[in-house]
Amino acid sequence: MEKDRTMVKSRSSEVSEQLLFKAKEELGETDSIREESLNLIKEWIQSHNIDYSHLDDQSIRWFLRGSKFNVKRTKERIDNFFQFRSKVTEWYSGRDPLSPELLDILNLGTILPLPGRDDEGRKVIIIRATIHDAYKHKQDDVLKVMNMVIELMCRDDEATSITGVVCVVDLKGVGMGHAMQMTPSVIRKAVSSWQDVNPIRTKGMHYINTPLNVHVVMNIFRTFMKEKLRRRLHLHRGDSKKVLTSLIPCDNLPKEYGGNGPTIDCLTTKWKDRVVENRDWFMNPEKHGPFSPF
């Protein structure tokens, strides 16, 4: 048992017995299935001469859990992941967090994973999708930074591969410039990255501060979504603080959103510093798995 437990250590902490029970109930994961599935994926990589040699156990576990240990679907997800990254170079190249355009976006706090978890154990991420200046910042750079923060979060918190995430998308201040940035091509890539590429289990997407005409853009989003993701998408108008306090424990929710947690400025500084501290990790993806350290 100790050997199996060692296999499920993340960079920050060991995945708890409670979470492993949750993984068994929701994903069908057991010690033997996990080990057998890992070996099958490794054999597939070696026998097909696929250039995924830097995929380590921790990264493979993310893909397996994202596919509920269906090995066939895991292989497809891994293929999709690397093909997508090679095609969508506008998101996955030039990822130097000290470059002026990316540092500017990091200073805005566009994407902020919150401390702790919700009452169901899920990680909560606040995405301030319209905080940037649409006439100054490129949408591709905004999405690049979002992906960088998410990858770093996943690397350092393997438990989230079991619990999944809930995204709160704040549209406060949305304007015509933001709407013009969200072309069908950008929307298609954004939806594909969530539901077909990244192995993250998206348990809910809550849009807050939504204007009356947001349905125009959201209908485009829905056309690219599978039914499962469409069911998990919720639009909220009115008092966003009331909605958020019903979703997120007050001690984790930022003060600006009606909670007792850290301020947006504190969270922004925390995630900017973490990304900058991991500059070499972002700039040398060939030296490590996508969800594992060097």
# chains A, B, ... in the order shown; residues from 1 in each chain; ligands from 1
call {"tool": "closest_atom_pairs", "arguments": {"of": "region 218-290 of chain A", "to": "region 107-122 of chain A", "cutoff": "8 Å", "atoms": "only C-alpha atoms", "output": "JSON lines"}}
result
{"residue": "A:Leu247", "atom": "CA", "partner": "A:Asp118", "partner_atom": "CA", "distance": 7.0}
{"residue": "A:Ile248", "atom": "CA", "partner": "A:Asp118", "partner_atom": "CA", "distance": 5.3}
{"residue": "A:Pro249", "atom": "CA", "partner": "A:Asp118", "partner_atom": "CA", "distance": 6.1}
{"residue": "A:Asn252", "atom": "CA", "partner": "A:Pro115", "partner_atom": "CA", "distance": 5.8}
{"residue": "A:Leu253", "atom": "CA", "partner": "A:Leu114", "partner_atom": "CA", "distance": 7.2}
{"residue": "A:Ile264", "atom": "CA", "partner": "A:Gly109", "partner_atom": "CA", "distance": 7.4}
{"residue": "A:Asp265", "atom": "CA", "partner": "A:Gly109", "partner_atom": "CA", "distance": 7.7}
{"residue": "A:Leu267", "atom": "CA", "partner": "A:Leu112", "partner_atom": "CA", "distance": 6.5}
{"residue": "A:Thr268", "atom": "CA", "partner": "A:Gly109", "partner_atom": "CA", "distance": 4.6}
{"residue": "A:Thr269", "atom": "CA", "partner": "A:Asn107", "partner_atom": "CA", "distance": 7.2}
{"residue": "A:Trp271", "atom": "CA", "partner": "A:Leu112", "partner_atom": "CA", "distance": 7.1}
{"residue": "A:Lys272", "atom": "CA", "partner": "A:Asn107", "partner_atom": "CA", "distance": 6.6}
call {"tool": "closest_atom_pairs", "arguments": {"of": "region 82-131 of chain A", "to": "region 158-182 of chain A", "cutoff": "6 Å", "atoms": "only C-alpha atoms", "output": "Markdown table"}}
result
| residue | atom | partner | partner_atom | distance |
| --- | --- | --- | --- | --- |
| A:Arg122 | CA | A:Thr163 | CA | 5.0 |
| A:Lys123 | CA | A:Val165 | CA | 4.6 |
| A:Val124 | CA | A:Val166 | CA | 4.8 |
| A:Ile125 | CA | A:Cys167 | CA | 4.9 |
| A:Ile126 | CA | A:Val168 | CA | 4.8 |
| A:Ile127 | CA | A:Val169 | CA | 4.7 |
| A:Arg128 | CA | A:Asp170 | CA | 4.9 |
| A:Thr130 | CA | A:Val174 | CA | 5.4 |
call {"tool": "write_last_selection", "arguments": {"atoms": "N, CA, C and O atoms", "output": "short mmCIF file (atom, residue, chain, number, x, y, z; two decimals), in the first residue's frame"}}
result
data_model
loop_
_atom_site.label_atom_id
_atom_site.label_comp_id
_atom_site.auth_asym_id
_atom_site.auth_seq_id
_atom_site.Cartn_x
_atom_site.Cartn_y
_atom_site.Cartn_z
N ARG A 122 -14.37 21.24 -4.49
CA ARG A 122 -13.87 21.65 -5.80
C ARG A 122 -13.05 22.95 -5.71
O ARG A 122 -13.31 23.78 -4.85
N LYS A 123 -12.09 23.09 -6.62
CA LYS A 123 -11.31 24.32 -6.69
C LYS A 123 -12.13 25.38 -7.41
O LYS A 123 -12.76 25.09 -8.44
N VAL A 124 -12.12 26.59 -6.88
CA VAL A 124 -12.88 27.69 -7.48
C VAL A 124 -11.91 28.68 -8.12
O VAL A 124 -10.91 29.08 -7.50
N ILE A 125 -12.21 29.05 -9.35
CA ILE A 125 -11.37 29.99 -10.09
C ILE A 125 -12.22 31.19 -10.51
O ILE A 125 -13.27 31.01 -11.14
N ILE A 126 -11.80 32.39 -10.14
CA ILE A 126 -12.47 33.59 -10.62
C ILE A 126 -11.75 34.09 -11.87
O ILE A 126 -10.53 34.29 -11.86
N ILE A 127 -12.51 34.25 -12.93
CA ILE A 127 -11.97 34.75 -14.21
C ILE A 127 -12.60 36.11 -14.48
O ILE A 127 -13.80 36.22 -14.73
N ARG A 128 -11.79 37.14 -14.38
CA ARG A 128 -12.29 38.50 -14.65
C ARG A 128 -12.05 38.78 -16.13
O ARG A 128 -11.10 39.44 -16.53
N THR A 130 -13.27 40.51 -18.48
CA THR A 130 -13.36 41.81 -19.16
C THR A 130 -12.65 42.92 -18.38
O THR A 130 -12.96 44.09 -18.55
#
call {"tool": "atom_distance", "arguments": {"atom1": "CA of Leu55 (chain A)", "atom2": "CA of Glu151 (chain A)"}}
result
14.3 Å
call {"tool": "select_by_dssp", "arguments": {"residues": "region 52-211 of chain A", "states": "helix (DSSP H, G or I)", "output": "ChimeraX atom specification"}}
result
/A:57-66,71-87,89-92,100-106,139-156,160-163,176-181,184-197
call {"tool": "residues_around", "arguments": {"residues": "region 229-243 of chain A", "least_positions_apart": "4", "cutoff": "12 Å", "atoms": "only C-alpha atoms", "output": "ChimeraX atom specification"}}
result
/A:165-172,191-192,194-196,201-215,218-225,247-250,253-259
call {"tool": "closest_atom_pairs", "arguments": {"of": "region 45-149 of chain A", "to": "region 32-41 of chain A", "cutoff": "12 Å", "atoms": "only C-alpha atoms", "output": "Markdown table"}}
result
| residue | atom | partner | partner_atom | distance |
| --- | --- | --- | --- | --- |
| A:Ile45 | CA | A:Ile41 | CA | 6.2 |
| A:Gln46 | CA | A:Ile41 | CA | 8.7 |
| A:Ser47 | CA | A:Ile41 | CA | 9.9 |
| A:His48 | CA | A:Ile41 | CA | 10.7 |
| A:Ile50 | CA | A:Ile41 | CA | 11.2 |
| A:Tyr52 | CA | A:Ile41 | CA | 10.5 |
| A:Ser53 | CA | A:Ile41 | CA | 11.2 |
| A:Leu55 | CA | A:Ile41 | CA | 9.9 |
| A:Asp56 | CA | A:Leu38 | CA | 9.5 |
| A:Asp57 | CA | A:Leu38 | CA | 7.0 |
| A:Gln58 | CA | A:Leu38 | CA | 9.7 |
| A:Ser59 | CA | A:Leu38 | CA | 10.2 |
| A:Ile60 | CA | A:Leu38 | CA | 6.9 |
| A:Arg61 | CA | A:Leu38 | CA | 7.3 |
| A:Trp62 | CA | A:Leu38 | CA | 10.7 |
| A:Phe63 | CA | A:Ile41 | CA | 10.0 |
| A:Leu64 | CA | A:Ser37 | CA | 7.6 |
| A:Arg65 | CA | A:Arg34 | CA | 9.3 |
| A:Ser67 | CA | A:Ser37 | CA | 11.3 |
| A:Lys68 | CA | A:Arg34 | CA | 10.5 |
| A:Phe69 | CA | A:Ser37 | CA | 7.0 |
| A:Asn70 | CA | A:Ser37 | CA | 8.5 |
| A:Val71 | CA | A:Ser37 | CA | 6.6 |
| A:Lys72 | CA | A:Ile41 | CA | 9.3 |
| A:Arg73 | CA | A:Ile41 | CA | 11.0 |
| A:Thr74 | CA | A:Ile41 | CA | 8.2 |
| A:Lys75 | CA | A:Ile41 | CA | 7.3 |
| A:Glu76 | CA | A:Ile41 | CA | 11.1 |
| A:Arg77 | CA | A:Ile41 | CA | 11.7 |
| A:Ile78 | CA | A:Ile41 | CA | 9.8 |
| A:Asp79 | CA | A:Ile41 | CA | 11.8 |
call {"tool": "atom_distance", "arguments": {"atom1": "CA of Leu106 (chain A)", "atom2": "CA of Ile200 (chain A)"}}
result
21.9 Å
call {"tool": "atom_distance", "arguments": {"atom1": "CA of Pro97 (chain A)", "atom2": "CA of Ala129 (chain A)"}}
result
18.8 Å
call {"tool": "closest_residue", "arguments": {"among": "A:Gly28, A:Met148, A:Val217, A:His54", "to": "Asn278 (chain A)", "atoms": "only C-alpha atoms"}}
result
A:Met148
call {"tool": "select_by_dssp", "arguments": {"residues": "region 112-249 of chain A", "states": "strand (DSSP E)", "output": "list of chain:residue names"}}
result
A:Leu112, A:Pro113, A:Lys123, A:Val124, A:Ile125, A:Ile126, A:Ile127, A:Arg128, A:Val165, A:Val166, A:Cys167, A:Val168, A:Val169, A:Asp170, A:Thr202, A:Lys203, A:Gly204, A:Met205, A:His206, A:Tyr207, A:Ile208, A:Leu233, A:His234, A:Leu235
call {"tool": "decode", "arguments": {"residues": "region 46-70 of chain A", "atoms": "N, CA, C and O atoms", "output": "mmCIF file, in the first residue's frame"}}
result
data_model
loop_
_atom_site.group_PDB
_atom_site.id
_atom_site.type_symbol
_atom_site.label_atom_id
_atom_site.label_comp_id
_atom_site.auth_asym_id
_atom_site.auth_seq_id
_atom_site.Cartn_x
_atom_site.Cartn_y
_atom_site.Cartn_z
ATOM 1 N N GLN A 46 5.726 4.484 -25.897
ATOM 2 C CA GLN A 46 6.977 3.878 -26.357
ATOM 3 C C GLN A 46 6.806 3.114 -27.662
ATOM 4 O O GLN A 46 7.622 3.226 -28.577
ATOM 5 N N SER A 47 5.734 2.345 -27.766
ATOM 6 C CA SER A 47 5.568 1.477 -28.938
ATOM 7 C C SER A 47 5.222 2.246 -30.207
ATOM 8 O O SER A 47 5.471 1.766 -31.311
ATOM 9 N N HIS A 48 4.645 3.426 -30.069
ATOM 10 C CA HIS A 48 4.254 4.196 -31.249
ATOM 11 C C HIS A 48 5.237 5.311 -31.576
ATOM 12 O O HIS A 48 5.002 6.106 -32.478
ATOM 13 N N ASN A 49 6.327 5.363 -30.837
ATOM 14 C CA ASN A 49 7.359 6.379 -31.079
ATOM 15 C C ASN A 49 6.780 7.793 -31.092
ATOM 16 O O ASN A 49 7.171 8.644 -31.897
ATOM 17 N N ILE A 50 5.812 8.021 -30.221
ATOM 18 C CA ILE A 50 5.200 9.334 -30.138
ATOM 19 C C ILE A 50 6.089 10.228 -29.285
ATOM 20 O O ILE A 50 6.649 9.783 -28.281
ATOM 21 N N ASP A 51 6.223 11.477 -29.679
ATOM 22 C CA ASP A 51 7.132 12.378 -28.973
ATOM 23 C C ASP A 51 6.469 12.961 -27.731
ATOM 24 O O ASP A 51 6.309 14.156 -27.593
ATOM 25 N N TYR A 52 6.051 12.056 -26.847
ATOM 26 C CA TYR A 52 5.493 12.474 -25.567
ATOM 27 C C TYR A 52 6.373 11.950 -24.437
ATOM 28 O O TYR A 52 5.908 11.677 -23.341
ATOM 29 N N SER A 53 7.653 11.811 -24.732
ATOM 30 C CA SER A 53 8.569 11.159 -23.785
ATOM 31 C C SER A 53 8.691 11.912 -22.466
ATOM 32 O O SER A 53 9.075 11.327 -21.448
ATOM 33 N N HIS A 54 8.370 13.203 -22.460
ATOM 34 C CA HIS A 54 8.493 13.977 -21.228
ATOM 35 C C HIS A 54 7.252 13.854 -20.340
ATOM 36 O O HIS A 54 7.213 14.454 -19.268
ATOM 37 N N LEU A 55 6.259 13.088 -20.773
ATOM 38 C CA LEU A 55 5.081 12.856 -19.935
ATOM 39 C C LEU A 55 5.464 11.950 -18.764
ATOM 40 O O LEU A 55 5.862 10.816 -18.959
ATOM 41 N N ASP A 56 5.353 12.454 -17.556
ATOM 42 C CA ASP A 56 5.680 11.652 -16.384
ATOM 43 C C ASP A 56 4.390 11.161 -15.727
ATOM 44 O O ASP A 56 3.287 11.419 -16.201
ATOM 45 N N ASP A 57 4.534 10.429 -14.622
ATOM 46 C CA ASP A 57 3.378 9.820 -13.967
ATOM 47 C C ASP A 57 2.337 10.851 -13.550
ATOM 48 O O ASP A 57 1.136 10.640 -13.716
ATOM 49 N N GLN A 58 2.794 11.965 -12.981
ATOM 50 C CA GLN A 58 1.835 12.956 -12.485
ATOM 51 C C GLN A 58 1.004 13.529 -13.626
ATOM 52 O O GLN A 58 -0.216 13.673 -13.505
ATOM 53 N N SER A 59 1.640 13.850 -14.736
ATOM 54 C CA SER A 59 0.895 14.392 -15.878
ATOM 55 C C SER A 59 -0.056 13.349 -16.467
ATOM 56 O O SER A 59 -1.199 13.663 -16.829
ATOM 57 N N ILE A 60 0.408 12.104 -16.556
ATOM 58 C CA ILE A 60 -0.444 11.042 -17.093
ATOM 59 C C ILE A 60 -1.664 10.829 -16.195
ATOM 60 O O ILE A 60 -2.781 10.598 -16.680
ATOM 61 N N ARG A 61 -1.470 10.925 -14.878
ATOM 62 C CA ARG A 61 -2.612 10.772 -13.973
ATOM 63 C C ARG A 61 -3.673 11.832 -14.227
ATOM 64 O O ARG A 61 -4.876 11.562 -14.133
ATOM 65 N N TRP A 62 -3.248 13.048 -14.540
ATOM 66 C CA TRP A 62 -4.215 14.095 -14.869
ATOM 67 C C TRP A 62 -5.076 13.669 -16.064
ATOM 68 O O TRP A 62 -6.309 13.803 -16.051
ATOM 69 N N PHE A 63 -4.428 13.151 -17.103
ATOM 70 C CA PHE A 63 -5.169 12.751 -18.307
ATOM 71 C C PHE A 63 -6.069 11.549 -18.025
ATOM 72 O O PHE A 63 -7.197 11.477 -18.530
ATOM 73 N N LEU A 64 -5.595 10.620 -17.236
ATOM 74 C CA LEU A 64 -6.405 9.445 -16.905
ATOM 75 C C LEU A 64 -7.647 9.841 -16.111
ATOM 76 O O LEU A 64 -8.757 9.374 -16.392
ATOM 77 N N ARG A 65 -7.473 10.694 -15.136
ATOM 78 C CA ARG A 65 -8.621 11.123 -14.332
ATOM 79 C C ARG A 65 -9.584 11.967 -15.156
ATOM 80 O O ARG A 65 -10.802 11.878 -14.979
ATOM 81 N N GLY A 66 -9.057 12.773 -16.052
ATOM 82 C CA GLY A 66 -9.922 13.577 -16.907
ATOM 83 C C GLY A 66 -10.758 12.741 -17.855
ATOM 84 O O GLY A 66 -11.772 13.200 -18.381
ATOM 85 N N SER A 67 -10.345 11.492 -18.073
ATOM 86 C CA SER A 67 -11.075 10.558 -18.944
ATOM 87 C C SER A 67 -11.674 9.402 -18.157
ATOM 88 O O SER A 67 -12.064 8.386 -18.748
ATOM 89 N N LYS A 68 -11.723 9.530 -16.830
ATOM 90 C CA LYS A 68 -12.271 8.510 -15.934
ATOM 91 C C LYS A 68 -11.657 7.128 -16.182
ATOM 92 O O LYS A 68 -12.334 6.114 -16.200
ATOM 93 N N PHE A 69 -10.355 7.139 -16.422
ATOM 94 C CA PHE A 69 -9.546 5.933 -16.583
ATOM 95 C C PHE A 69 -9.972 5.082 -17.782
ATOM 96 O O PHE A 69 -9.695 3.884 -17.828
ATOM 97 N N ASN A 70 -10.617 5.709 -18.753
ATOM 98 C CA ASN A 70 -10.850 5.063 -20.036
ATOM 99 C C ASN A 70 -9.575 5.272 -20.860
ATOM 100 O O ASN A 70 -9.281 6.396 -21.290
#
